[in-house]
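The next block is run_37.tsv, given as TSV, C-alpha atoms.
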chain	number	residue	atom	x	y	z
E	1	MET	CA	24.48	-7.13	5.51
E	2	LEU	CA	21.97	-8.80	3.16
E	3	ALA	CA	21.21	-11.43	5.82
E	4	GLN	CA	20.07	-8.67	8.22
E	5	ILE	CA	17.36	-7.39	5.86
E	6	ARG	CA	13.89	-8.90	6.05
E	7	GLY	CA	12.45	-10.66	3.03
E	8	ASP	CA	9.56	-8.22	2.63
E	9	ASP	CA	12.04	-5.31	2.41
E	10	ILE	CA	14.01	-7.15	-0.30
E	11	ALA	CA	10.74	-7.89	-2.12
E	12	ARG	CA	9.77	-4.20	-1.92
E	13	ALA	CA	13.13	-3.27	-3.44
E	14	SER	CA	12.77	-5.86	-6.21
E	15	ASN	CA	9.40	-4.33	-7.18
E	16	LEU	CA	11.31	-1.17	-8.16
E	17	LEU	CA	13.35	-3.09	-10.76
E	18	PRO	CA	12.39	-3.34	-14.43
E	19	PRO	CA	10.63	-6.56	-15.47
E	20	ALA	CA	13.11	-9.43	-15.71
E	21	SER	CA	13.75	-10.37	-19.33
E	22	ALA	CA	16.58	-11.31	-21.68
E	23	GLY	CA	17.00	-7.74	-22.92
E	24	GLU	CA	17.78	-6.21	-19.51
E	25	ASP	CA	21.19	-5.47	-17.99
E	26	THR	CA	22.42	-8.35	-15.85
E	27	HIS	CA	22.99	-6.15	-12.78
E	28	ALA	CA	20.79	-3.56	-11.10
E	29	THR	CA	20.91	-1.57	-7.86
E	30	VAL	CA	18.06	-0.11	-5.80
E	31	GLU	CA	18.09	2.09	-2.69
E	32	VAL	CA	15.34	1.65	-0.07
E	33	ASP	CA	14.72	2.64	3.54
E	34	VAL	CA	14.83	-0.39	5.83
E	35	PRO	CA	13.30	-0.04	9.32
E	36	GLY	CA	15.91	-0.34	12.06
E	37	ILE	CA	18.83	-0.10	9.60
E	38	GLY	CA	18.28	3.03	7.48
E	39	ARG	CA	18.94	3.69	3.80
E	40	VAL	CA	20.32	0.56	2.12
E	41	ARG	CA	21.58	-0.09	-1.43
E	42	ILE	CA	20.61	-3.60	-2.59
E	43	SER	CA	22.29	-5.13	-5.65
E	44	PHE	CA	20.48	-7.65	-7.84
E	45	GLU	CA	21.58	-10.03	-10.61
E	46	LEU	CA	19.42	-11.26	-13.45
E	47	HIS	CA	19.14	-15.07	-13.67
E	48	SER	CA	17.11	-17.52	-15.69
E	49	SER	CA	15.86	-21.05	-15.31
E	50	ARG	CA	14.92	-23.21	-18.20
E	51	GLY	CA	11.78	-25.31	-18.44
E	52	ARG	CA	10.83	-27.65	-21.23
E	53	ARG	CA	9.38	-25.00	-23.52
E	54	PHE	CA	10.27	-21.66	-22.01
E	55	ARG	CA	12.86	-19.73	-20.02
E	56	HIS	CA	11.88	-17.94	-16.78
E	57	TRP	CA	13.83	-14.75	-15.94
E	58	PHE	CA	14.08	-13.45	-12.35
E	59	TRP	CA	16.07	-11.04	-10.19
E	60	THR	CA	18.13	-12.31	-7.21
E	61	ALA	CA	19.47	-10.08	-4.44
E	62	THR	CA	23.25	-10.55	-4.18
E	63	ARG	CA	24.51	-7.93	-1.71
E	64	ALA	CA	23.48	-4.98	0.42
E	65	GLU	CA	25.36	-2.02	1.86
E	66	LEU	CA	24.51	1.18	3.69
E	67	ALA	CA	23.78	3.98	1.23

The structure given in the file should be rewritten as structure tokens.
Amino acid sequence: MLAQIRGDDIARASNLLPPASAGEDTHATVEVDVPGIGRVRISFELHSSRGRRFRHWFWTATRAELA
């Protein structure tokens, strides 16, 4: 179902998450209304990428289901 949701709707859901950082839980779930689909529960996982001097934390949407 995640492939059926537009990127701006996933971005809107990710804005409801806490800031990505090492101290956060590795999984989070958000419910949003998606036009044409209805109420959807989107699951996110916390990931990090490593640069030379710092680590960048970010949320990635992993699945979606009807709420």

Atom-to-atom span, atom CA of E:Thr60 and atom CA of E:His47, Å: 7.1 Å

All residues 8 Å or closer to stretch 18-27 of chain E, all atoms listed in the file, same chain fewer than 4 positions away omitted, as JSON, numbers by chain: {"E": [43, 44, 45, 46, 47, 57, 58, 59]}

Just the selected residues (C-alpha atoms), exported as a CSV table (one decimal), keeping the file's coordinate frame, please.
chain,number,residue,atom,x,y,z
E,43,SER,CA,22.3,-5.1,-5.6
E,44,PHE,CA,20.5,-7.6,-7.8
E,45,GLU,CA,21.6,-10.0,-10.6
E,46,LEU,CA,19.4,-11.3,-13.4
E,47,HIS,CA,19.1,-15.1,-13.7
E,57,TRP,CA,13.8,-14.8,-15.9
E,58,PHE,CA,14.1,-13.4,-12.4
E,59,TRP,CA,16.1,-11.0,-10.2

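For the residues E:Gln4, E:Phe54, E:Leu16, E:Arg63, ranking by smallest atom-to-atom distance to E:Val30 using all atoms listed in the file places E:Leu16 first.
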
For E:Asp8, the nearest of the candidates E:Arg50, E:Thr62, E:Arg41, E:Pro35, counting only C-alpha atoms: E:Pro35

Within 8 Å of E:Glu31 using all atoms listed in the file, minus same-chain residues under 5 positions, as an MDAnalysis selection string: chainID E and resid 13 39:42 67

Those same residues - C-alpha atoms - I'd like them written as a PDB file, keeping the file's coordinate frame.
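So the final result, stored in again.pdb, reads:
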ATOM      1  CA  ALA E  13      13.130  -3.270  -3.440  1.00  0.00           C
ATOM      2  CA  ARG E  39      18.940   3.690   3.800  1.00  0.00           C
ATOM      3  CA  VAL E  40      20.320   0.560   2.120  1.00  0.00           C
ATOM      4  CA  ARG E  41      21.580  -0.090  -1.430  1.00  0.00           C
ATOM      5  CA  ILE E  42      20.610  -3.600  -2.590  1.00  0.00           C
ATOM      6  CA  ALA E  67      23.780   3.980   1.230  1.00  0.00           C
TER       7      ALA E  67
END

Pick from E:Gly38, E:Ser48, E:Ala61, E:Ile5, whichever lies nearest to E:Leu17 using only C-alpha atoms: E:Ala61

Two-atom distance - atom CA of E:Met1, atom CA of E:Ser14 (Å): 16.6 Å

Shortest interatomic distance to E:Arg6 - which of E:Ala64, E:Val34, E:Thr29, E:Arg55, counting all atoms listed in the file: E:Val34

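For the pair atom CA of E:Ile37 and atom CA of E:Glu65, the separation is 10.3 Å.
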